[in-house]
Every structure is written in structure tokens, then in C-alpha cells.
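> This is the structure I want to talk about, given as C-alpha cells.
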Amino acid sequence: MKINFSVSSLTASQDNRELKGRIVTWNEAGNTSAGATMFAPESLTFNKTAKLLLEHDHTRPIGKLVSYEVSGEGVDAVFRVANTMVGEDSLIEATEGLRDGFSVGVFVDKFSQKDGVMVIESARVQEVSLVTEPAIRSARVAASEEAPATDIQVSESTDSEENKTEGEQVSDTTVPAPAVDEAVEAAKVEAATSAPKPVAFATPRSPIVDSATYLEHSVKAAMGDEDSRQYVRFADDTSNNTGLTLAPHMNEFITSTILGRPAVESISRGALPATGMSFTIPKLTQAPTITTVAENGDTTAGDEMTSSYITVDVKKAAKSEIISWELLDRSGPSYYAELVSEMNKAYAKATDAAVIAAFTASGSQANGQAATIDGLQAFIAEQAPAAYASSGKFAKNLVSNTSWWSTIIGAQDDAGRPIYVAHNPMNAAGSAAVDSIVGNVLGLNYYVDPHMSSGLVDESAFIVAPEAFTFYEAPKTQLTVQVLGNGQLSVGVYGYYAIAPKLGGGVRRFNLS
């Protein structure tokens, strides 16, 4: 809701690019949708980074707060206007009295009722706007020889002490304020003759509650639906209070929750740098050595320790679908959920396949072994120690295709007893089950990767020291909707990642003899 207050003059200086004036007057009532309202002295807390907006449009900042002074009468503030076309126009408009009012947006934390007047006792200033219509129409810029007024936009949260951090922004239409006495008397009469009214009117909740509903309204917005456009805009605005609704986060998928990437999960993870399409990592190429020295003997000086850099390229994984308007118009909400799910799977498959390709390109090839359970055990027995000897890191994981999974499940000893799937065998070499792709083989965590090609062939299994490779990924993937000119839409998902093969000897590739 908006509250109107008269203030002292607002002055504009084009030379200094400044706007200044009274933005709040203590104990001065104004008429609002909540009735008569006023600010108690010392009731405002300022955000020192508050911006000066144009007509409360958060996409049109024109300046920022430079300084403010709290006095016994109210609050005076100085704003520096940006050297932009909009800023220049705003200075001219303020100087000539065309746009000469201040409007202050605050979150109310605490208030009380006194003689029918809502007295705001604690509030937080979020922004200040330059507006066309001040509360008192005769109040103008000092150059017009009339005093301007402030129009204060308040968002109420609660009147309790326990919930001062959460506020729900509400708005109402600005109306001209009558005289103070008139407003107070009208509020008293209304309070005495009618039932209590709510102090604020909340806007409807956004229907965007998950990725599927975000996609649904993104599509409708792209096709011209104004309501959906507003919902999507609200969801995209991360400045909204996240305590009110989860909608601001529903335009993204947190990539750590994308399942079905066993190869990615088998190695170490890292956050992708925010900028650049490549980055470098320093790497030790030769370590120093220590020798035994006799008493009073000289140490051997040398330049043995050397290092270099590895360059890691940033890649983009993307998937898009071309969809007809008819399909979207004639399908239900479940279609959007399924579309998002399928694009998630496509993104997971692409990034997981990239890690498998990196294992093949940069891992160390093992000695040839037979395509049998004995051959797999010989591969592990030989290459797990080799990974430690080569990289200095312990091999902890085994990644294989579904063909090796089948072989492991069916493995038996000479007496026909299952080795990996028995309930409590005496000769267990690990555990593997048909209802889980995570198990244990000879002490290695076992990951079954459905994205690897089938067959007991070369590169059908990998022994992995997790520290040897690192998968870097952007913190979120993006969902996009574009309207095509042929009656179709393009819905896409994309994200950025990079794979760093730090120690090639820490990944051992199965080699069929």
C-alpha cells in the first residue's frame, strides 16, 4: 500500500547531478488503504546501498543514496543521479517540476494502532523513487516555488517481535491525501462504526512452484499471455523475499540433483569459474629428492622441483526440443513435468558420456585380461596398486558397463555358489544386486554406468582414484523458451562444465586380451 506525506522542498542540481530533500516526516499522518498512518520518530532503518528508482520500476535505476540525515523532524537524503540518458532526463524533469516527488519503499516490521491511526514503529527502507505525482499536488520542486511531497510505499510483514525479518510486499493505488485532521477524524469514525479491516492487501500467489510450472508459464508468456509473463518475471527476480514462495528458484535445476551420472560421481567435483572458456591448474612435474648425508657433509644443491600448468577447456552441454503450439495447448500440466524430466536425463547423459570419454583419452591402459570374472579380478588386483604407484592416490571406485554387471551378478565359485549376491556367503568377494547400480567389488565402490557401450571389450571398466580427475560444473543449468516463426517453440536446457585429467595414472582402463 502507498502512504502519502508532505515534506519540505526537493532540490535538483544538474551540475552536481544530485537530488535531495525530505523523504520522511515524523508524526505526520497520511491517508492510505489502511486508514490514517504515520511514522514514529527514529522508526526507519536505512540500507546504505539503497538505489534511486524511476516510478518504483526495479529495472530502471537512475541513481543511488549518497547520504542521509535523521533529525527530530524527519529524514533528509541526497541521491547521486547516474550519467545516463534516463538519469539526465530525470534531472531535467525534477528541475522543471515535471517529476518532482519522492516515493519511499519500506518493509514494515512493527506497528501499533493509536486513536484509529496506524503508527509505524519499525520499518526498513528498501528503495526510493522519483515519481510524477506527489501526495499533495500543489507540492512541487523548489524551482516551482512550491514544496514537494513524499509518497511512501510500505510493505507490511508483521506486528510481532518474533518475525521481523520476513515481509510480504503489498501495493495499492496512490490517492490524494486529505488534510491531516480530516484523515484522522475519518479513520476514528470508521473504526467506531465498522468492523476491523485488514491493514494490507496481498497480491495473489504465483502459480509457479516447480520446474514444470515454470516451463508451462514460460511457454505461455512467450506466446503472449500477460499473466504468465508477470509470473515468470517474478520468479526470475532473485531479489524477491524467498521466505514467501519458492518461485524465484524454479527457473533452474541444481545440477548436483541430476541423477544417472555414475562416472561423474566416481571422481572429485569442483565449482566452475564464473568466467572464461578455459582455465589453468598448476601441476608438479618433478618432486625434490632427499639423500642421506654424512656428518658434517654438504647437502647437494639442485633445481630438481619443477612445475607446469594444465589447461582445462570449458564445454557446454545443451539439449533443445522443438514443440508445436498445438501440443502445448492440448496437453495437460503433466506434459511439462515429463518434458523437464527428459531434458534432465539428456543433460545427465551428455555430461556423463564426456567423463567416460576423458577416462578413455587420458587414463592408463591396463595389461590385457580375459572377459571373465577371473579376468576382472586379475585386472583389479594388478591395476589398483598400479594406480597408487602412478598417482600417489588410492583407487576407490570401479566403473563398468551393464555387461560386467551381469557377469558379476552371475559369478559363482567352483561349487556353484554365488560370490556376490548370496545372502551371507563364506567366500564373499563383495556385493552386487539387481536392484542397485552401486555395490562393492573386491573393496572398490562399484558404479554401473548405463551410458557406456555394452560388451566385455576394451574400456568397458575403469578403476578410478577420485582425486585423479575432477569434474567442474556451473552451479546451475539454464532453461530457455523461444518462439519460432513457424508455429513452433524451442525449449532448451544447457549448462557449462569442464573435466580436468590431473593424474592420468590414477584411472586404469580395462584391456581385453
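Going through the C-alpha cells in order, the chains are called A, B, and so on, while each chain numbers its residues from 1 and the ligands are numbered from 1 in the order shown.
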Which residues come within 12 Å of Leu444 in chain A, counting only C-alpha atoms, excluding same-chain residues fewer than 3 positions away, as JSON, numbers by chain?
{"A": [266, 377, 380, 381, 383, 384, 394, 395, 396, 397, 398, 399, 400, 429, 430, 431, 432, 438, 439, 440, 441, 447, 462, 463, 464, 465, 466]}
> List every residue of range 403-510 of chain A that has an atom at most 12 Å from any atom of range 342-361 of chain A, giving for each one its closest atom pair and the distance in Å to one decimal, counting only C-alpha atoms, sorted by chain and then by ascending residue number, as a Markdown table.

```
| residue | atom | partner | partner_atom | distance |
| --- | --- | --- | --- | --- |
| A:Asp449 | CA | A:Asp352 | CA | 8.7 |
| A:Pro450 | CA | A:Lys349 | CA | 9.0 |
| A:His451 | CA | A:Ala353 | CA | 6.4 |
| A:Met452 | CA | A:Ala353 | CA | 7.4 |
| A:Ser453 | CA | A:Ala353 | CA | 10.1 |
| A:Asp458 | CA | A:Thr360 | CA | 9.4 |
| A:Glu459 | CA | A:Thr360 | CA | 6.6 |
| A:Ser460 | CA | A:Thr360 | CA | 9.8 |
| A:Ala461 | CA | A:Ile356 | CA | 10.0 |
| A:Phe462 | CA | A:Phe359 | CA | 7.7 |
| A:Ile463 | CA | A:Phe359 | CA | 9.7 |
| A:Val464 | CA | A:Phe359 | CA | 9.0 |
| A:Ala465 | CA | A:Phe359 | CA | 11.4 |
| A:Pro466 | CA | A:Phe359 | CA | 11.7 |
| A:Ala468 | CA | A:Phe359 | CA | 10.2 |
| A:Phe469 | CA | A:Phe359 | CA | 8.6 |
| A:Thr470 | CA | A:Val355 | CA | 9.4 |
| A:Phe471 | CA | A:Val355 | CA | 7.9 |
| A:Tyr472 | CA | A:Thr351 | CA | 10.7 |
| A:Glu473 | CA | A:Thr351 | CA | 9.7 |
| A:Lys476 | CA | A:Tyr347 | CA | 11.9 |
| A:Thr477 | CA | A:Tyr347 | CA | 9.2 |
| A:Gln478 | CA | A:Asn344 | CA | 11.0 |
| A:Leu479 | CA | A:Met343 | CA | 9.7 |
| A:Thr480 | CA | A:Met343 | CA | 11.7 |
| A:Val491 | CA | A:Met343 | CA | 9.4 |
| A:Gly492 | CA | A:Met343 | CA | 7.8 |
| A:Val493 | CA | A:Met343 | CA | 6.8 |
| A:Tyr494 | CA | A:Tyr347 | CA | 7.4 |
| A:Gly495 | CA | A:Tyr347 | CA | 8.2 |
| A:Tyr496 | CA | A:Thr351 | CA | 9.5 |
| A:Tyr497 | CA | A:Thr351 | CA | 7.9 |
| A:Ala498 | CA | A:Ala354 | CA | 9.3 |
| A:Ile499 | CA | A:Val355 | CA | 7.0 |
| A:Ala500 | CA | A:Ala358 | CA | 8.6 |
| A:Pro501 | CA | A:Ala358 | CA | 7.3 |
| A:Lys502 | CA | A:Ala358 | CA | 11.1 |
| A:Leu503 | CA | A:Phe359 | CA | 10.9 |
| A:Gly504 | CA | A:Phe359 | CA | 8.3 |
| A:Gly505 | CA | A:Phe359 | CA | 10.4 |
| A:Gly506 | CA | A:Phe359 | CA | 9.9 |
| A:Val507 | CA | A:Phe359 | CA | 6.7 |
| A:Arg508 | CA | A:Phe359 | CA | 8.2 |
| A:Arg509 | CA | A:Thr360 | CA | 7.0 |
| A:Phe510 | CA | A:Thr360 | CA | 9.8 |
```
> Leaving out range 82-93 of chain A and any residue of its chain fewer than 4 positions from it, which residues lie within 10 Å of it when counting only C-alpha atoms, given as an MDAnalysis selection string?
chainID A and resid 11:15 17:19 52:54 60:64 97:100 130:132 141
> Find the distance between CA of Gly105 in chain A and CA of Tyr214 in chain A and write it in Å to one decimal.
28.2 Å
> Can you list, as a PyMOL selection string, every protein, DNA or RNA residue that comes within 9 Å of Thr407 in chain A when you count only C-alpha atoms, leaving out same-chain residues fewer than 5 positions away?
chain A and resi 372-373+402
> Set the distance at 8 Å and use only C-alpha atoms: which residues neighbour Ser67 in chain A once local chain neighbours fewer than 2 positions away are removed? I'd like the list as a tab-separated table (two decimals) with C-alpha atoms, in the first residue's frame.

```tsv
chain	number	residue	atom	x	y	z
A	65	LEU	CA	21.84	7.03	-1.99
A	69	GLU	CA	20.42	12.81	7.91
A	77	ALA	CA	18.53	12.41	1.88
A	78	VAL	CA	20.88	13.14	-1.01
A	79	PHE	CA	20.95	10.99	-4.14
```
> If we count only C-alpha atoms, what is near Gly72 in chain A at a cut-off of 12 Å, once residues fewer than 5 positions away on the same chain are taken out, given as an MDAnalysis selection string?
chainID A and resid 24:27 40:43
> Would you put the residues from that selection into a file with N, CA and C atoms, as a PDB file, in the first residue's frame?

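Produced file result_0.pdb, reproduced below:
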```pdb
ATOM      1  N   VAL A  24      10.994  11.641   4.595  1.00  0.00           N
ATOM      2  CA  VAL A  24      10.073  11.182   5.634  1.00  0.00           C
ATOM      3  C   VAL A  24       9.917  12.295   6.657  1.00  0.00           C
ATOM      4  N   THR A  25       8.696  12.539   7.102  1.00  0.00           N
ATOM      5  CA  THR A  25       8.421  13.481   8.186  1.00  0.00           C
ATOM      6  C   THR A  25       7.776  12.707   9.333  1.00  0.00           C
ATOM      7  N   TRP A  26       8.349  12.837  10.536  1.00  0.00           N
ATOM      8  CA  TRP A  26       7.830  12.095  11.691  1.00  0.00           C
ATOM      9  C   TRP A  26       6.456  12.640  12.113  1.00  0.00           C
ATOM     10  N   ASN A  27       5.648  11.727  12.625  1.00  0.00           N
ATOM     11  CA  ASN A  27       4.369  12.075  13.269  1.00  0.00           C
ATOM     12  C   ASN A  27       3.443  12.893  12.373  1.00  0.00           C
ATOM     13  N   ALA A  40       6.600   6.940  13.402  1.00  0.00           N
ATOM     14  CA  ALA A  40       7.111   7.391  14.687  1.00  0.00           C
ATOM     15  C   ALA A  40       8.558   7.844  14.520  1.00  0.00           C
ATOM     16  N   PRO A  41       9.039   8.758  15.346  1.00  0.00           N
ATOM     17  CA  PRO A  41      10.449   9.186  15.246  1.00  0.00           C
ATOM     18  C   PRO A  41      11.405   8.001  15.383  1.00  0.00           C
ATOM     19  N   GLU A  42      12.490   8.069  14.639  1.00  0.00           N
ATOM     20  CA  GLU A  42      13.548   7.059  14.670  1.00  0.00           C
ATOM     21  C   GLU A  42      13.016   5.674  14.299  1.00  0.00           C
ATOM     22  N   SER A  43      12.012   5.616  13.469  1.00  0.00           N
ATOM     23  CA  SER A  43      11.391   4.324  13.152  1.00  0.00           C
ATOM     24  C   SER A  43      11.958   3.659  11.911  1.00  0.00           C
TER      25      SER A  43
END
```
> Quick one, how far is CA of Asn367 in chain A from CA of Val312 in chain A?
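Atom-to-atom, CA of Asn367 in chain A to CA of Val312 in chain A, that is 28.8 Å.
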> Contacts of Gln482 in chain A at 8 Å or less, counting only C-alpha atoms, minus same-chain residues fewer than 4 places along, as a list in words?
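Answer for this query is Ala222, Leu489, Ser490 and Val491 of chain A.
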> Determine the nearest neighbour of Ser228 in chain A from the options A:Val483, A:Ile208, A:Ile281, A:Val340, counting only C-alpha atoms.
A:Ile208
> Could you find all residues in range 216-460 of chain A that DSSP calls alpha helix (DSSP H) from the backbone, and write them as a PyMOL selection string?
chain A and resi 216-222+226-236+262-265+325-329+333-362+373-391+402-409
> Any chance you could list, as number ranges by chain, the residues in range 374-487 of chain A that come up strand (DSSP E or B) when DSSP is run on the backbone?
A: 397-400, 412, 418, 430-433, 436-441, 444-448, 461-464, 469-473, 476-483
